[in-house]
Amino acid sequence: MKNVRSSKMIFWVSRGLNTSVYFLPGRCAQCVVDSFAEESSFVYGVTFLNMAGGNVGNRMFLFVPIGIGLLVGSVLTIAYVRSPFSALPVNDTQGMDDFDWVNLENKDLQRGRKIVSELIGPESIAVDEHDNLYTGLQDGRIMKIINPGQANQTVIDLTKSFDFAEGSHRKKKRPLGLRLHGSKLYFADAYQGVIMIDSESRTVIVHYNDVNPPLVFPDDLTMTSDGKTIYFTDVSLKWGYDDIIFSVLEAECTGRLFKIDVLTKNTELILDSLCISNGIEIVENDTHVLLSEHSRRRLALVNLKSKEVVRYIPLPAGPDNIRKRKNGGYWVGMPYIAEPGHFATWGPAFRQILAGALGSDGALTMLNIDQGVAVKLNEDFEPESIHLDLEGKLSQAITEISELSDGTLLVGSFMASGIVLIDPLLSD
């Protein structure tokens, strides 16, 4: 009799799981169960409990945890199946403890002040020869800040009379990486493409639909010293700006690097299969670019002639924008630290469950972006030091570090309010 009851119990659990999965289209139920079993074996373990024998109290004692286990297992399995992607393993990243040059005992990015607090999400900051600032905001505007931090500081909306999304099927705007060349300001917009504005004209250099496949998430750009060529990144072929957290969770590598002839607007694909290719900077002699691969926590040095990655520079966190330092070398912004236990370090099945359960907006709230992190590289692309505001008192969710002529650091952030001015570092 015990065997009969046990068999029925096992059959009921198996039937329950299969039934839960069977009616969700597009997936093989057995494949899902097999994959999920690797990281959720406890769900199956409960099916082997023997419910026969003993008194009613003992049976209830066993039934309650079994019921809870079945409910949790069913919910997790459904979330797994409903995930919009199949997550990939990431085994080649390193953490803070793996680098000798990482010193967490500093608060360098707390030593300063914030200006223009009314401006939200100044992701990238360009600086002209007069130390005036240019930045793009979450609401789609491009702003110029004259005499930043001074009593006569003035803020001007450069896009007040220029809707660069006019006529586009994509109505949203989100200017990200910016560059100045003479009087011309070039920027990558996450929805629209690559755009140029100056005092006399406004021009869409490359529209998102000008390449095939179309641009999904243009992020950052850099230029040759003569201003004739632009290199820019497209973060992903799958996930746009609104769903970028899915790219992090999936750990997919569909990013692209493009080259634009500014005069003819001809666009050429240089490299693909990049792992969240966001930030980019050109090397001094214009022969290479340094670009970020965020989900792999590394920079890639790309030879522009051979169109190949010739070197990887590992980092302790996912990099974003890269900018040259006044005294040589580079700054790399990092929006967050994915230490052990962070969801970005979870196994593929659990990342997939998270996406299916919470969706894009819910998963994004789990990012610990209330901290400031930046890394300084030397001219040979070797990391020298890390600079921090781990408490997030002044600098948060850093996407870029730029510099004024006196060495003051400018902190850009994709979500924080205002621009942070950090006092020149003693090491510089």
# chains A, B, ... in the order shown; residues from 1 in each chain; ligands from 1

call {"tool": "residues_around", "arguments": {"residues": "stretch 246-252 of chain A", "least_positions_apart": "5", "cutoff": "8 Å", "atoms": "only C-alpha atoms", "output": "list in words"}}
result
Phe85, Ser86, Ala87, Leu88, Pro89, Val90, Ser236, Lys238, Trp239, Cys275, Ile276, Ser295, Ala344, Pro348, Arg351, Gln352, Ala355 and Ser360 of chain A

call {"tool": "residues_around", "arguments": {"residues": "A:Ala165", "least_positions_apart": "6", "cutoff": "10 Å", "atoms": "only C-alpha atoms", "output": "ChimeraX atom specification"}}
result
/A:140,171-173,189,191-193,204,207

call {"tool": "write_last_selection", "arguments": {"atoms": "N, CA, C and O atoms", "output": "short mmCIF file (atom, residue, chain, number, x, y, z; two decimals), in the first residue's frame"}}
result
data_model
loop_
_atom_site.label_atom_id
_atom_site.label_comp_id
_atom_site.auth_asym_id
_atom_site.auth_seq_id
_atom_site.Cartn_x
_atom_site.Cartn_y
_atom_site.Cartn_z
N GLY A 140 15.64 63.73 -23.30
CA GLY A 140 15.93 63.91 -24.72
C GLY A 140 16.57 65.23 -25.09
O GLY A 140 16.93 65.44 -26.26
N LYS A 171 9.67 57.53 -31.75
CA LYS A 171 9.40 58.87 -31.24
C LYS A 171 10.24 59.25 -30.03
O LYS A 171 10.36 60.42 -29.69
N LYS A 172 10.82 58.26 -29.37
CA LYS A 172 11.60 58.55 -28.18
C LYS A 172 12.98 59.11 -28.54
O LYS A 172 13.50 58.88 -29.63
N LYS A 173 13.56 59.82 -27.56
CA LYS A 173 14.91 60.37 -27.70
C LYS A 173 15.68 60.15 -26.41
O LYS A 173 15.14 60.34 -25.33
N ASP A 189 22.30 58.84 -30.21
CA ASP A 189 21.02 58.77 -29.52
C ASP A 189 20.56 57.32 -29.50
O ASP A 189 20.60 56.62 -30.52
N TYR A 191 17.84 55.86 -29.56
CA TYR A 191 16.73 55.48 -30.43
C TYR A 191 16.94 55.90 -31.88
O TYR A 191 16.57 55.16 -32.80
N GLN A 192 17.51 57.09 -32.10
CA GLN A 192 17.48 57.69 -33.43
C GLN A 192 18.72 57.44 -34.29
O GLN A 192 18.61 57.37 -35.50
N GLY A 193 19.90 57.35 -33.69
CA GLY A 193 21.11 57.16 -34.48
C GLY A 193 22.22 58.11 -34.07
O GLY A 193 22.38 58.43 -32.90
N VAL A 204 21.06 64.76 -39.08
CA VAL A 204 21.12 63.36 -38.70
C VAL A 204 22.15 62.69 -39.60
O VAL A 204 21.95 62.56 -40.80
N HIS A 207 20.76 57.64 -39.59
CA HIS A 207 19.49 57.29 -38.99
C HIS A 207 19.51 55.82 -38.61
O HIS A 207 20.22 55.01 -39.23
#

call {"tool": "residues_around", "arguments": {"residues": "A:Asp98", "least_positions_apart": "4", "cutoff": "12 Å", "atoms": "only C-alpha atoms", "output": "PDB file with N, CA and C atoms, in the first residue's frame"}}
result
ATOM      1  N   THR A  93      34.813  36.177 -16.065  1.00  0.00           N
ATOM      2  CA  THR A  93      34.914  37.485 -15.436  1.00  0.00           C
ATOM      3  C   THR A  93      35.665  37.394 -14.107  1.00  0.00           C
ATOM      4  N   GLN A  94      36.163  38.551 -13.651  1.00  0.00           N
ATOM      5  CA  GLN A  94      36.911  38.620 -12.403  1.00  0.00           C
ATOM      6  C   GLN A  94      36.295  39.673 -11.491  1.00  0.00           C
ATOM      7  N   VAL A 102      43.600  47.149  -7.100  1.00  0.00           N
ATOM      8  CA  VAL A 102      42.326  47.611  -6.532  1.00  0.00           C
ATOM      9  C   VAL A 102      42.493  47.883  -5.038  1.00  0.00           C
ATOM     10  N   ASN A 103      42.272  49.116  -4.655  1.00  0.00           N
ATOM     11  CA  ASN A 103      42.289  49.527  -3.253  1.00  0.00           C
ATOM     12  C   ASN A 103      40.928  50.137  -2.934  1.00  0.00           C
ATOM     13  N   PRO A 314      41.094  43.077 -18.759  1.00  0.00           N
ATOM     14  CA  PRO A 314      40.058  42.706 -17.781  1.00  0.00           C
ATOM     15  C   PRO A 314      39.900  43.772 -16.706  1.00  0.00           C
ATOM     16  N   LEU A 315      38.675  43.915 -16.223  1.00  0.00           N
ATOM     17  CA  LEU A 315      38.339  44.890 -15.191  1.00  0.00           C
ATOM     18  C   LEU A 315      37.463  44.227 -14.128  1.00  0.00           C
ATOM     19  N   PRO A 316      37.378  44.823 -12.946  1.00  0.00           N
ATOM     20  CA  PRO A 316      36.616  44.204 -11.864  1.00  0.00           C
ATOM     21  C   PRO A 316      35.115  44.445 -11.922  1.00  0.00           C
ATOM     22  N   ALA A 317      34.657  45.261 -12.858  1.00  0.00           N
ATOM     23  CA  ALA A 317      33.225  45.536 -13.008  1.00  0.00           C
ATOM     24  C   ALA A 317      32.965  45.898 -14.464  1.00  0.00           C
ATOM     25  N   GLU A 339      29.517  42.198  -7.361  1.00  0.00           N
ATOM     26  CA  GLU A 339      30.298  41.330  -6.482  1.00  0.00           C
ATOM     27  C   GLU A 339      29.622  39.961  -6.340  1.00  0.00           C
TER      28      GLU A 339
END

call {"tool": "residues_around", "arguments": {"residues": "stretch 406-420 of chain A", "least_positions_apart": "5", "cutoff": "8 Å", "atoms": "only C-alpha atoms", "output": "ChimeraX atom specification"}}
result
/A:112-125,138,326,335,394-401,425,428

call {"tool": "write_last_selection", "arguments": {"atoms": "C-alpha atoms", "output": "mmCIF file, in the first residue's frame"}}
result
data_model
loop_
_atom_site.group_PDB
_atom_site.id
_atom_site.type_symbol
_atom_site.label_atom_id
_atom_site.label_comp_id
_atom_site.auth_asym_id
_atom_site.auth_seq_id
_atom_site.Cartn_x
_atom_site.Cartn_y
_atom_site.Cartn_z
ATOM 1 C CA GLY A 112 33.584 67.629 -4.645
ATOM 2 C CA ARG A 113 30.212 69.211 -5.260
ATOM 3 C CA LYS A 114 27.202 68.891 -7.512
ATOM 4 C CA ILE A 115 25.940 71.465 -10.003
ATOM 5 C CA VAL A 116 22.783 71.722 -12.170
ATOM 6 C CA SER A 117 20.882 69.292 -9.956
ATOM 7 C CA GLU A 118 17.751 69.889 -12.024
ATOM 8 C CA LEU A 119 19.284 68.022 -14.968
ATOM 9 C CA ILE A 120 18.501 64.277 -14.825
ATOM 10 C CA GLY A 121 20.733 61.632 -16.349
ATOM 11 C CA PRO A 122 23.739 63.526 -17.819
ATOM 12 C CA GLU A 123 25.189 60.279 -19.198
ATOM 13 C CA SER A 124 28.093 61.815 -21.149
ATOM 14 C CA ILE A 125 29.821 65.197 -20.886
ATOM 15 C CA GLN A 138 16.875 61.458 -19.905
ATOM 16 C CA LYS A 326 44.584 65.345 -19.825
ATOM 17 C CA PRO A 335 27.716 52.070 -13.224
ATOM 18 C CA LEU A 394 27.954 62.297 -4.140
ATOM 19 C CA SER A 395 28.632 60.063 -7.170
ATOM 20 C CA GLN A 396 26.244 57.336 -8.320
ATOM 21 C CA ALA A 397 25.749 55.074 -11.354
ATOM 22 C CA ILE A 398 28.812 56.489 -13.121
ATOM 23 C CA THR A 399 28.840 56.158 -16.880
ATOM 24 C CA GLU A 400 31.660 58.607 -17.662
ATOM 25 C CA ILE A 401 34.540 60.603 -16.222
ATOM 26 C CA LEU A 425 43.223 63.961 -7.553
ATOM 27 C CA ASP A 428 47.531 63.431 -10.938
#

call {"tool": "closest_residue", "arguments": {"among": "A:Leu271, A:Leu377, A:Ala79, A:Met196", "to": "A:Lys324", "atoms": "only C-alpha atoms"}}
result
A:Leu377

call {"tool": "residues_around", "arguments": {"residues": "A:Ser277", "least_positions_apart": "3", "cutoff": "8 Å", "atoms": "only C-alpha atoms", "output": "PDB file with N, CA and C atoms, in the first residue's frame"}}
result
ATOM      1  N   THR A 233      29.241  52.749 -31.439  1.00  0.00           N
ATOM      2  CA  THR A 233      28.828  51.419 -30.980  1.00  0.00           C
ATOM      3  C   THR A 233      27.309  51.285 -31.008  1.00  0.00           C
ATOM      4  N   ASP A 234      26.875  50.076 -31.303  1.00  0.00           N
ATOM      5  CA  ASP A 234      25.479  49.667 -31.173  1.00  0.00           C
ATOM      6  C   ASP A 234      25.483  48.524 -30.159  1.00  0.00           C
ATOM      7  N   VAL A 235      24.866  48.741 -29.017  1.00  0.00           N
ATOM      8  CA  VAL A 235      25.024  47.853 -27.866  1.00  0.00           C
ATOM      9  C   VAL A 235      24.573  46.427 -28.143  1.00  0.00           C
ATOM     10  N   SER A 236      23.431  46.277 -28.818  1.00  0.00           N
ATOM     11  CA  SER A 236      22.843  44.948 -28.976  1.00  0.00           C
ATOM     12  C   SER A 236      21.928  44.911 -30.190  1.00  0.00           C
ATOM     13  N   GLY A 255      26.519  42.923 -29.992  1.00  0.00           N
ATOM     14  CA  GLY A 255      26.876  44.317 -30.204  1.00  0.00           C
ATOM     15  C   GLY A 255      27.716  44.513 -31.450  1.00  0.00           C
ATOM     16  N   ARG A 256      27.711  45.774 -31.961  1.00  0.00           N
ATOM     17  CA  ARG A 256      28.424  46.065 -33.208  1.00  0.00           C
ATOM     18  C   ARG A 256      29.223  47.368 -33.111  1.00  0.00           C
ATOM     19  N   LEU A 257      30.276  47.433 -33.918  1.00  0.00           N
ATOM     20  CA  LEU A 257      31.101  48.633 -34.062  1.00  0.00           C
ATOM     21  C   LEU A 257      31.028  49.096 -35.510  1.00  0.00           C
ATOM     22  N   LEU A 274      29.915  41.582 -30.273  1.00  0.00           N
ATOM     23  CA  LEU A 274      30.481  42.210 -29.085  1.00  0.00           C
ATOM     24  C   LEU A 274      29.503  42.087 -27.917  1.00  0.00           C
ATOM     25  N   LEU A 291      37.240  49.833 -26.744  1.00  0.00           N
ATOM     26  CA  LEU A 291      35.800  49.813 -26.496  1.00  0.00           C
ATOM     27  C   LEU A 291      35.451  48.891 -25.333  1.00  0.00           C
ATOM     28  N   SER A 292      34.320  49.186 -24.716  1.00  0.00           N
ATOM     29  CA  SER A 292      33.859  48.433 -23.551  1.00  0.00           C
ATOM     30  C   SER A 292      33.032  47.228 -23.980  1.00  0.00           C
ATOM     31  N   GLU A 293      33.224  46.127 -23.263  1.00  0.00           N
ATOM     32  CA  GLU A 293      32.311  44.987 -23.349  1.00  0.00           C
ATOM     33  C   GLU A 293      31.785  44.766 -21.932  1.00  0.00           C
ATOM     34  N   HIS A 294      30.667  45.386 -21.674  1.00  0.00           N
ATOM     35  CA  HIS A 294      30.168  45.518 -20.311  1.00  0.00           C
ATOM     36  C   HIS A 294      29.924  44.176 -19.632  1.00  0.00           C
TER      37      HIS A 294
END

call {"tool": "atom_distance", "arguments": {"atom1": "atom CA of A:Thr77", "atom2": "atom CA of A:Tyr336"}}
result
29.2 Å

call {"tool": "atom_distance", "arguments": {"atom1": "atom CA of A:Gly227", "atom2": "atom CA of A:Arg170"}}
result
28.2 Å

call {"tool": "residues_around", "arguments": {"residues": "A:Ile230", "least_positions_apart": "4", "cutoff": "8 Å", "atoms": "only C-alpha atoms", "output": "ChimeraX atom specification"}}
result
/A:221-224,259-262

call {"tool": "residues_around", "arguments": {"residues": "A:Trp101", "least_positions_apart": "5", "cutoff": "9 Å", "atoms": "only C-alpha atoms", "output": "number ranges by chain"}}
result
A: 383-386

call {"tool": "select_by_dssp", "arguments": {"residues": "stretch 67-168 of chain A", "states": "strand (DSSP E)", "output": "ChimeraX atom specification"}}
result
/A:112-120,125-127,133-136,142-146,154-157

call {"tool": "atom_distance", "arguments": {"atom1": "atom CA of A:Ala126", "atom2": "atom CA of A:Tyr312"}}
result
26.5 Å

call {"tool": "closest_residue", "arguments": {"among": "A:Val373, A:Leu364, A:Leu426, A:Val206", "to": "A:Asp242", "atoms": "only C-alpha atoms"}}
result
A:Leu364

call {"tool": "select_by_dssp", "arguments": {"residues": "stretch 88-330 of chain A", "states": "alpha helix (DSSP H)", "output": "PyMOL selection string"}}
result
chain A and resi 244-250

call {"tool": "closest_residue", "arguments": {"among": "A:Leu71, A:Ile282, A:Val194, A:Leu178", "to": "A:Phe164", "atoms": "only C-alpha atoms"}}
result
A:Val194

call {"tool": "closest_residue", "arguments": {"among": "A:Gly136, A:Arg111, A:His169, A:Ile205", "to": "A:Ile422", "atoms": "only C-alpha atoms"}}
result
A:Arg111
